[in-house]
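Next comes entry_32.cif, with mmCIF, C-alpha atoms, pLDDT in the B column; chains and numbers go by the auth columns.
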```cif
data_coords
loop_
_atom_site.group_PDB
_atom_site.id
_atom_site.type_symbol
_atom_site.label_atom_id
_atom_site.label_comp_id
_atom_site.label_asym_id
_atom_site.label_seq_id
_atom_site.Cartn_x
_atom_site.Cartn_y
_atom_site.Cartn_z
_atom_site.B_iso_or_equiv
_atom_site.auth_seq_id
_atom_site.auth_asym_id
ATOM 1 C CA MET A 1 105.325 94.087 96.408 42.00 14 A
ATOM 2 C CA ALA A 2 103.662 92.088 99.193 43.00 15 A
ATOM 3 C CA LYS A 3 106.550 89.643 99.375 50.00 16 A
ATOM 4 C CA TYR A 4 106.205 87.678 102.565 51.00 17 A
ATOM 5 C CA ASP A 5 109.412 87.643 104.536 60.00 18 A
ATOM 6 C CA LEU A 6 109.118 85.528 107.672 64.00 19 A
ATOM 7 C CA SER A 7 112.438 86.648 109.105 88.00 20 A
ATOM 8 C CA LEU A 8 111.451 90.332 108.980 92.00 21 A
ATOM 9 C CA ASP A 9 108.115 89.466 110.624 93.00 22 A
ATOM 10 C CA THR A 10 109.726 87.641 113.518 93.00 23 A
ATOM 11 C CA VAL A 11 112.636 90.080 113.890 94.00 24 A
ATOM 12 C CA PHE A 12 110.480 93.243 113.929 95.00 25 A
ATOM 13 C CA THR A 13 107.897 91.603 116.207 94.00 26 A
ATOM 14 C CA ALA A 14 110.712 90.533 118.555 95.00 27 A
ATOM 15 C CA LEU A 15 111.945 94.156 118.610 95.00 28 A
ATOM 16 C CA GLY A 16 108.472 95.523 119.440 95.00 29 A
ATOM 17 C CA ASP A 17 108.819 94.833 123.163 95.00 30 A
ATOM 18 C CA PRO A 18 110.861 96.916 125.660 94.00 31 A
ATOM 19 C CA THR A 19 112.040 93.898 127.696 96.00 32 A
ATOM 20 C CA ARG A 20 113.313 92.135 124.580 97.00 33 A
ATOM 21 C CA ARG A 21 115.063 95.294 123.355 96.00 34 A
ATOM 22 C CA ALA A 22 116.706 95.715 126.781 96.00 35 A
ATOM 23 C CA ILE A 23 117.936 92.085 126.612 97.00 36 A
ATOM 24 C CA LEU A 24 119.418 92.756 123.156 96.00 37 A
ATOM 25 C CA GLU A 25 121.007 96.014 124.383 94.00 38 A
ATOM 26 C CA ARG A 26 122.677 94.081 127.219 95.00 39 A
ATOM 27 C CA LEU A 27 123.852 91.308 124.870 95.00 40 A
ATOM 28 C CA SER A 28 125.280 93.849 122.408 91.00 41 A
ATOM 29 C CA ARG A 29 127.854 94.481 125.150 90.00 42 A
ATOM 30 C CA GLY A 30 128.715 90.774 125.432 92.00 43 A
ATOM 31 C CA PRO A 31 127.273 87.374 126.497 95.00 44 A
ATOM 32 C CA ALA A 32 125.434 87.033 129.819 97.00 45 A
ATOM 33 C CA SER A 33 123.830 84.321 131.927 97.00 46 A
ATOM 34 C CA VAL A 34 120.040 84.082 132.138 97.00 47 A
ATOM 35 C CA SER A 35 120.036 85.151 135.797 95.00 48 A
ATOM 36 C CA GLU A 36 122.261 88.157 134.984 96.00 49 A
ATOM 37 C CA LEU A 37 119.902 89.124 132.147 97.00 50 A
ATOM 38 C CA ALA A 38 116.796 88.705 134.319 97.00 51 A
ATOM 39 C CA ALA A 39 118.152 90.674 137.314 96.00 52 A
ATOM 40 C CA PRO A 40 117.053 94.195 136.208 95.00 53 A
ATOM 41 C CA PHE A 41 113.459 93.071 135.601 95.00 54 A
ATOM 42 C CA ASP A 42 110.673 92.750 138.118 93.00 55 A
ATOM 43 C CA MET A 43 109.211 89.815 136.213 95.00 56 A
ATOM 44 C CA ALA A 44 108.341 86.171 136.961 96.00 57 A
ATOM 45 C CA MET A 45 111.011 83.834 135.525 95.00 58 A
ATOM 46 C CA PRO A 46 108.579 81.971 133.172 96.00 59 A
ATOM 47 C CA SER A 47 107.562 85.303 131.551 96.00 60 A
ATOM 48 C CA PHE A 48 111.194 86.312 131.231 97.00 61 A
ATOM 49 C CA MET A 49 112.090 82.945 129.684 97.00 62 A
ATOM 50 C CA GLY A 50 109.253 83.505 127.185 97.00 63 A
ATOM 51 C CA HIS A 51 110.997 86.674 125.984 97.00 64 A
ATOM 52 C CA LEU A 52 114.307 84.823 125.616 97.00 65 A
ATOM 53 C CA LYS A 53 112.552 82.066 123.648 95.00 66 A
ATOM 54 C CA LYS A 54 111.049 84.616 121.250 94.00 67 A
ATOM 55 C CA LEU A 55 114.467 86.167 120.636 95.00 68 A
ATOM 56 C CA GLU A 56 115.974 82.728 120.077 94.00 69 A
ATOM 57 C CA ALA A 57 113.127 81.740 117.706 92.00 70 A
ATOM 58 C CA ALA A 58 113.732 84.962 115.747 92.00 71 A
ATOM 59 C CA GLY A 59 117.383 83.868 115.343 92.00 72 A
ATOM 60 C CA MET A 60 118.640 86.943 117.217 93.00 73 A
ATOM 61 C CA ILE A 61 120.191 85.244 120.249 95.00 74 A
ATOM 62 C CA SER A 62 121.701 81.848 120.942 95.00 75 A
ATOM 63 C CA SER A 63 122.085 80.115 124.292 95.00 76 A
ATOM 64 C CA GLU A 64 124.227 77.341 125.703 96.00 77 A
ATOM 65 C CA LYS A 65 123.990 75.442 128.956 95.00 78 A
ATOM 66 C CA ASP A 66 127.091 74.623 130.965 93.00 79 A
ATOM 67 C CA GLY A 67 126.149 72.735 134.128 94.00 80 A
ATOM 68 C CA ARG A 68 123.438 74.805 135.789 93.00 81 A
ATOM 69 C CA VAL A 69 124.226 78.044 134.009 95.00 82 A
ATOM 70 C CA ARG A 70 122.642 78.986 130.680 95.00 83 A
ATOM 71 C CA THR A 71 124.577 81.691 128.856 97.00 84 A
ATOM 72 C CA CYS A 72 122.998 83.808 126.095 97.00 85 A
ATOM 73 C CA ALA A 73 124.792 85.621 123.298 96.00 86 A
ATOM 74 C CA LEU A 74 123.784 87.886 120.447 93.00 87 A
ATOM 75 C CA VAL A 75 123.856 86.134 117.066 92.00 88 A
ATOM 76 C CA PRO A 76 126.267 88.023 114.747 87.00 89 A
ATOM 77 C CA GLY A 77 124.244 89.962 112.174 86.00 90 A
ATOM 78 C CA ALA A 78 121.078 89.698 114.318 87.00 91 A
ATOM 79 C CA PHE A 79 120.050 93.236 113.377 89.00 92 A
ATOM 80 C CA ALA A 80 121.077 93.098 109.719 88.00 93 A
ATOM 81 C CA PRO A 81 117.756 92.093 108.042 88.00 94 A
ATOM 82 C CA ALA A 82 115.811 94.796 109.912 92.00 95 A
ATOM 83 C CA LYS A 83 118.474 97.419 109.292 90.00 96 A
ATOM 84 C CA ASP A 84 118.751 96.517 105.594 91.00 97 A
ATOM 85 C CA TRP A 85 114.997 96.849 105.124 92.00 98 A
ATOM 86 C CA LEU A 86 114.900 100.253 106.838 91.00 99 A
ATOM 87 C CA THR A 87 117.893 101.474 104.811 89.00 100 A
ATOM 88 C CA ALA A 88 116.200 100.390 101.561 91.00 101 A
ATOM 89 C CA GLN A 89 113.098 102.403 102.481 90.00 102 A
ATOM 90 C CA ARG A 90 115.157 105.472 103.341 84.00 103 A
ATOM 91 C CA ASP A 91 116.992 105.161 100.014 86.00 104 A
ATOM 92 C CA LEU A 92 113.686 104.976 98.085 85.00 105 A
ATOM 93 C CA TRP A 93 112.429 107.999 100.005 80.00 106 A
ATOM 94 C CA GLU A 94 115.586 110.019 99.365 82.00 107 A
ATOM 95 C CA ALA A 95 115.572 109.092 95.661 82.00 108 A
ATOM 96 C CA ARG A 96 112.020 110.427 95.546 78.00 109 A
ATOM 97 C CA LEU A 97 113.080 113.696 97.234 74.00 110 A
ATOM 98 C CA ASP A 98 115.979 113.992 94.743 76.00 111 A
ATOM 99 C CA ARG A 99 113.576 113.562 91.797 75.00 112 A
ATOM 100 C CA PHE A 100 111.303 116.189 93.359 71.00 113 A
ATOM 101 C CA ASP A 101 114.252 118.583 93.794 72.00 114 A
ATOM 102 C CA ALA A 102 115.261 118.046 90.160 76.00 115 A
ATOM 103 C CA PHE A 103 111.672 118.690 89.069 71.00 116 A
ATOM 104 C CA VAL A 104 111.438 121.947 91.050 74.00 117 A
ATOM 105 C CA THR A 105 114.855 123.104 89.770 81.00 118 A
ATOM 106 C CA GLN A 106 113.803 122.384 86.175 80.00 119 A
ATOM 107 C CA LEU A 107 110.498 124.220 86.739 77.00 120 A
ATOM 108 C CA ALA A 108 112.336 127.292 88.066 81.00 121 A
ATOM 109 C CA LYS A 109 114.746 127.125 85.118 82.00 122 A
ATOM 110 C CA ASP A 110 111.887 126.842 82.601 83.00 123 A
ATOM 111 C CA GLN A 111 110.211 129.910 84.110 79.00 124 A
ATOM 112 C CA THR A 112 113.308 132.089 83.995 79.00 125 A
ATOM 113 C CA GLU A 113 114.156 131.131 80.390 73.00 126 A
ATOM 114 C CA MET B 1 118.465 99.759 130.896 42.00 26 B
ATOM 115 C CA ALA B 2 114.814 98.771 130.592 42.00 27 B
ATOM 116 C CA LYS B 3 113.794 102.266 129.545 50.00 28 B
ATOM 117 C CA TYR B 4 110.293 102.107 128.139 51.00 29 B
ATOM 118 C CA ASP B 5 110.054 103.773 124.748 60.00 30 B
ATOM 119 C CA LEU B 6 106.496 103.761 123.449 64.00 31 B
ATOM 120 C CA SER B 7 107.451 104.982 119.981 88.00 32 B
ATOM 121 C CA LEU B 8 109.899 102.118 119.444 93.00 33 B
ATOM 122 C CA ASP B 9 107.253 99.654 120.650 93.00 34 B
ATOM 123 C CA THR B 10 104.618 100.901 118.238 93.00 35 B
ATOM 124 C CA VAL B 11 107.035 101.411 115.334 94.00 36 B
ATOM 125 C CA PHE B 12 108.644 97.950 115.567 95.00 37 B
ATOM 126 C CA THR B 13 105.263 96.282 116.122 94.00 38 B
ATOM 127 C CA ALA B 14 103.889 98.132 113.083 95.00 39 B
ATOM 128 C CA LEU B 15 106.849 96.840 111.045 95.00 40 B
ATOM 129 C CA GLY B 16 106.260 93.230 112.127 95.00 41 B
ATOM 130 C CA ASP B 17 103.546 92.619 109.533 95.00 42 B
ATOM 131 C CA PRO B 18 104.132 92.004 105.793 94.00 43 B
ATOM 132 C CA THR B 19 101.037 93.960 104.663 96.00 44 B
ATOM 133 C CA ARG B 20 102.082 97.015 106.668 97.00 45 B
ATOM 134 C CA ARG B 21 105.668 96.801 105.374 96.00 46 B
ATOM 135 C CA ALA B 22 104.341 96.569 101.794 96.00 47 B
ATOM 136 C CA ILE B 23 102.204 99.690 102.383 97.00 48 B
ATOM 137 C CA LEU B 24 105.282 101.542 103.685 96.00 49 B
ATOM 138 C CA GLU B 25 107.353 100.328 100.706 94.00 50 B
ATOM 139 C CA ARG B 26 104.713 101.705 98.350 95.00 51 B
ATOM 140 C CA LEU B 27 104.510 105.038 100.212 95.00 52 B
ATOM 141 C CA SER B 28 108.313 105.391 100.186 91.00 53 B
ATOM 142 C CA ARG B 29 107.843 105.925 96.441 90.00 54 B
ATOM 143 C CA GLY B 30 105.251 108.690 96.990 92.00 55 B
ATOM 144 C CA PRO B 31 101.697 109.308 98.295 95.00 56 B
ATOM 145 C CA ALA B 32 98.824 107.046 97.221 97.00 57 B
ATOM 146 C CA SER B 33 95.065 106.783 97.674 97.00 58 B
ATOM 147 C CA VAL B 34 93.623 104.103 99.967 97.00 59 B
ATOM 148 C CA SER B 35 92.125 102.195 97.006 95.00 60 B
ATOM 149 C CA GLU B 36 95.467 102.281 95.168 96.00 61 B
ATOM 150 C CA LEU B 37 97.204 100.982 98.296 97.00 62 B
ATOM 151 C CA ALA B 38 94.621 98.243 98.836 97.00 63 B
ATOM 152 C CA ALA B 39 94.598 97.016 95.202 96.00 64 B
ATOM 153 C CA PRO B 40 97.494 94.498 95.440 95.00 65 B
ATOM 154 C CA PHE B 41 95.967 92.775 98.480 95.00 66 B
ATOM 155 C CA ASP B 42 93.321 90.093 98.545 93.00 67 B
ATOM 156 C CA MET B 43 91.941 91.443 101.812 95.00 68 B
ATOM 157 C CA ALA B 44 88.590 92.738 103.096 96.00 69 B
ATOM 158 C CA MET B 45 88.588 96.556 103.261 95.00 70 B
ATOM 159 C CA PRO B 46 87.972 96.739 107.066 96.00 71 B
ATOM 160 C CA SER B 47 91.069 94.549 107.688 96.00 72 B
ATOM 161 C CA PHE B 48 93.108 96.680 105.298 97.00 73 B
ATOM 162 C CA MET B 49 91.922 99.890 107.003 97.00 74 B
ATOM 163 C CA GLY B 50 92.998 98.340 110.323 97.00 75 B
ATOM 164 C CA HIS B 51 96.570 98.126 109.005 97.00 76 B
ATOM 165 C CA LEU B 52 96.473 101.759 107.852 97.00 77 B
ATOM 166 C CA LYS B 53 95.162 102.816 111.267 95.00 78 B
ATOM 167 C CA LYS B 54 98.043 101.008 113.023 94.00 79 B
ATOM 168 C CA LEU B 55 100.574 102.768 110.791 95.00 80 B
ATOM 169 C CA GLU B 56 98.906 106.121 111.444 94.00 81 B
ATOM 170 C CA ALA B 57 98.791 105.449 115.223 92.00 82 B
ATOM 171 C CA ALA B 58 102.530 104.629 115.116 92.00 83 B
ATOM 172 C CA GLY B 59 103.097 108.064 113.526 92.00 84 B
ATOM 173 C CA MET B 60 104.543 106.506 110.360 93.00 85 B
ATOM 174 C CA ILE B 61 101.905 107.614 107.845 95.00 86 B
ATOM 175 C CA SER B 62 99.468 110.497 107.590 95.00 87 B
ATOM 176 C CA SER B 63 96.257 110.675 105.596 95.00 88 B
ATOM 177 C CA GLU B 64 94.026 113.398 104.220 96.00 89 B
ATOM 178 C CA LYS B 65 90.553 113.242 102.738 95.00 90 B
ATOM 179 C CA ASP B 66 89.646 115.283 99.661 93.00 91 B
ATOM 180 C CA GLY B 67 86.045 114.628 98.658 94.00 92 B
ATOM 181 C CA ARG B 68 85.693 110.864 98.484 93.00 93 B
ATOM 182 C CA VAL B 69 89.369 110.113 98.122 95.00 94 B
ATOM 183 C CA ARG B 70 91.643 109.565 101.125 95.00 95 B
ATOM 184 C CA THR B 71 95.321 109.952 100.266 97.00 96 B
ATOM 185 C CA CYS B 72 98.078 108.496 102.457 97.00 97 B
ATOM 186 C CA ALA B 73 101.677 109.668 102.708 96.00 98 B
ATOM 187 C CA LEU B 74 104.770 108.552 104.561 93.00 99 B
ATOM 188 C CA VAL B 75 105.635 110.825 107.506 92.00 100 B
ATOM 189 C CA PRO B 76 109.172 112.219 106.993 87.00 101 B
ATOM 190 C CA GLY B 77 111.556 110.466 109.387 86.00 102 B
ATOM 191 C CA ALA B 78 109.084 107.605 109.935 87.00 103 B
ATOM 192 C CA PHE B 79 111.893 105.053 110.016 89.00 104 B
ATOM 193 C CA ALA B 80 114.379 107.156 111.996 88.00 105 B
ATOM 194 C CA PRO B 81 113.672 105.931 115.577 88.00 106 B
ATOM 195 C CA ALA B 82 113.881 102.261 114.531 92.00 107 B
ATOM 196 C CA LYS B 83 116.976 102.820 112.427 90.00 108 B
ATOM 197 C CA ASP B 84 118.716 104.843 115.169 91.00 109 B
ATOM 198 C CA TRP B 85 118.096 102.103 117.718 92.00 110 B
ATOM 199 C CA LEU B 86 119.458 99.397 115.397 92.00 111 B
ATOM 200 C CA THR B 87 122.512 101.531 114.551 89.00 112 B
ATOM 201 C CA ALA B 88 123.225 102.093 118.258 91.00 113 B
ATOM 202 C CA GLN B 89 123.178 98.321 118.855 90.00 114 B
ATOM 203 C CA ARG B 90 125.484 97.673 115.917 84.00 115 B
ATOM 204 C CA ASP B 91 127.900 100.335 117.234 86.00 116 B
ATOM 205 C CA LEU B 92 127.931 98.711 120.695 85.00 117 B
ATOM 206 C CA TRP B 93 128.540 95.325 119.099 80.00 118 B
ATOM 207 C CA GLU B 94 131.382 96.612 116.908 82.00 119 B
ATOM 208 C CA ALA B 95 132.984 98.434 119.829 82.00 120 B
ATOM 209 C CA ARG B 96 132.954 95.111 121.661 78.00 121 B
ATOM 210 C CA LEU B 97 134.599 93.339 118.704 74.00 122 B
ATOM 211 C CA ASP B 98 137.235 96.115 118.556 76.00 123 B
ATOM 212 C CA ARG B 99 138.003 95.643 122.257 75.00 124 B
ATOM 213 C CA PHE B 100 138.269 91.906 121.684 70.00 125 B
ATOM 214 C CA ASP B 101 140.651 92.454 118.738 73.00 126 B
ATOM 215 C CA ALA B 102 142.800 94.769 120.845 77.00 127 B
ATOM 216 C CA PHE B 103 142.863 92.171 123.633 71.00 128 B
ATOM 217 C CA VAL B 104 143.943 89.374 121.253 75.00 129 B
ATOM 218 C CA THR B 105 146.603 91.599 119.633 81.00 130 B
ATOM 219 C CA GLN B 106 147.983 92.520 123.071 80.00 131 B
ATOM 220 C CA LEU B 107 147.977 88.840 124.084 78.00 132 B
ATOM 221 C CA ALA B 108 149.950 87.888 120.963 82.00 133 B
ATOM 222 C CA LYS B 109 152.390 90.758 121.609 82.00 134 B
ATOM 223 C CA ASP B 110 152.887 89.723 125.252 83.00 135 B
ATOM 224 C CA GLN B 111 153.683 86.162 124.180 79.00 136 B
ATOM 225 C CA THR B 112 156.305 87.148 121.595 79.00 137 B
ATOM 226 C CA GLU B 113 158.098 89.611 123.913 73.00 138 B
#
```

Let me see whether you can do it: turn the structure in this file into structure tokens.
Amino acid sequence: MAKYDLSLDTVFTALGDPTRRAILERLSRGPASVSELAAPFDMAMPSFMGHLKKLEAAGMISSEKDGRVRTCALVPGAFAPAKDWLTAQRDLWEARLDRFDAFVTQLAKDQTE
Amino acid sequence: MAKYDLSLDTVFTALGDPTRRAILERLSRGPASVSELAAPFDMAMPSFMGHLKKLEAAGMISSEKDGRVRTCALVPGAFAPAKDWLTAQRDLWEARLDRFDAFVTQLAKDQTE
């Protein structure tokens, strides 16, 4: 039950910050340079680079330098582990509700028989 | 773009820990007492209670005390904000891929005409 999954730890922790989510939202629309990504934020560049590093360490974004410009891109499937985990929980929950429904239906049936 | 969403912050941060995810996995199957939840973990009770408190503060679980037993339950829709955000990103990403496909198809068409 307490299976340790490093990728879920790093992915969910990466998602727990509004600046990092905004970076991912921007990159979902297509690649962007670091300065383009940083522009909307009133943040010192070293702090902003720290956010990019966390996203890169989590395997969610990749970056490439061409001359002086570093361009970032979303890694395909970046959201898949997190989404899969959440879907599995919802499925367990819904299966439980279905069993509860079946139980209540059977109870009602037993009482009317 | 950098809209601050406290619930996403707390929900994703809550999900970034393997103990807390294991608690949520257990509660997806139905309510459980604190001692039942704590049993699989080799962890001091105050640390374990800290995890429960974080999940409760994130609005993902609720708890109720009856005599000496505190029972925890998953809050319905606990995973919805996180899942909705991830789905929105995937949709953006797929829309981008569709536009790219359309562009490549048009390019190929232009070259054969």

**OP:** Kindly resolve the PyMOL selection byres ((chain A and resi 87) around 10) on the present coordinates and return the residues as JSON, numbers by chain.
**Re:** {"A": [36, 37, 38, 39, 40, 41, 42, 43, 44, 45, 68, 69, 72, 73, 74, 75, 76, 85, 86, 88, 89, 90, 91, 92], "B": [118]}

**OP:** Please evaluate the PyMOL selection byres ((chain A) within 10 of (chain B)) against the displayed coordinates and give the resulting residues as an NGL selection string.
**Re:** :A and (14-43 or 53-54 or 87 or 89-93 or 95-110)

Original post:
Distance CA of Phe128 in chain B-CA of Ser46 in chain A, one decimal place?
Top reply: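 Result for CA of Phe128 in chain B versus CA of Ser46 in chain A: 22.2 Å, one decimal.
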
Could you expand the PyMOL selection byres ((chain B and resi 59) around 9) into the explicit residues it covers here, written as a PDB file with C-alpha atoms, keeping the file's coordinate frame?
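Dumped everything to selection-v1.pdb:
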```pdb
ATOM      1  CA  ALA B  57      98.824 107.046  97.221  1.00 97.00           C
ATOM      2  CA  SER B  58      95.065 106.783  97.674  1.00 97.00           C
ATOM      3  CA  SER B  60      92.125 102.195  97.006  1.00 95.00           C
ATOM      4  CA  GLU B  61      95.467 102.281  95.168  1.00 96.00           C
ATOM      5  CA  LEU B  62      97.204 100.982  98.296  1.00 97.00           C
ATOM      6  CA  ALA B  63      94.621  98.243  98.836  1.00 97.00           C
ATOM      7  CA  ALA B  64      94.598  97.016  95.202  1.00 96.00           C
ATOM      8  CA  MET B  74      91.922  99.890 107.003  1.00 97.00           C
ATOM      9  CA  LEU B  77      96.473 101.759 107.852  1.00 97.00           C
ATOM     10  CA  VAL B  94      89.369 110.113  98.122  1.00 95.00           C
ATOM     11  CA  ARG B  95      91.643 109.565 101.125  1.00 95.00           C
ATOM     12  CA  THR B  96      95.321 109.952 100.266  1.00 97.00           C
ATOM     13  CA  CYS B  97      98.078 108.496 102.457  1.00 97.00           C
TER      14      CYS B  97
END
```

**OP:** Could you please determine the separation between CA of Ala70 in chain A and CA of Met56 in chain A in Å, to one decimal place?
**Re:** 20.6 Å

**OP:** Measure the distance from CA of Gly75 in chain B to CA of Gly92 in chain B in Å and round it to one decimal.
**Re:**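 Between CA of Gly75 in chain B and CA of Gly92 in chain B the gap works out to 21.2 Å.
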
Box for range 119-138 of chain B - axis-aligned, 6 Å on each of the six sides, all listed atoms - centre and size in Å to one decimal, as JSON.
```
{"center_x": 144.7, "center_y": 92.3, "center_z": 121.1, "size_x": 38.7, "size_y": 24.3, "size_z": 20.3}
```
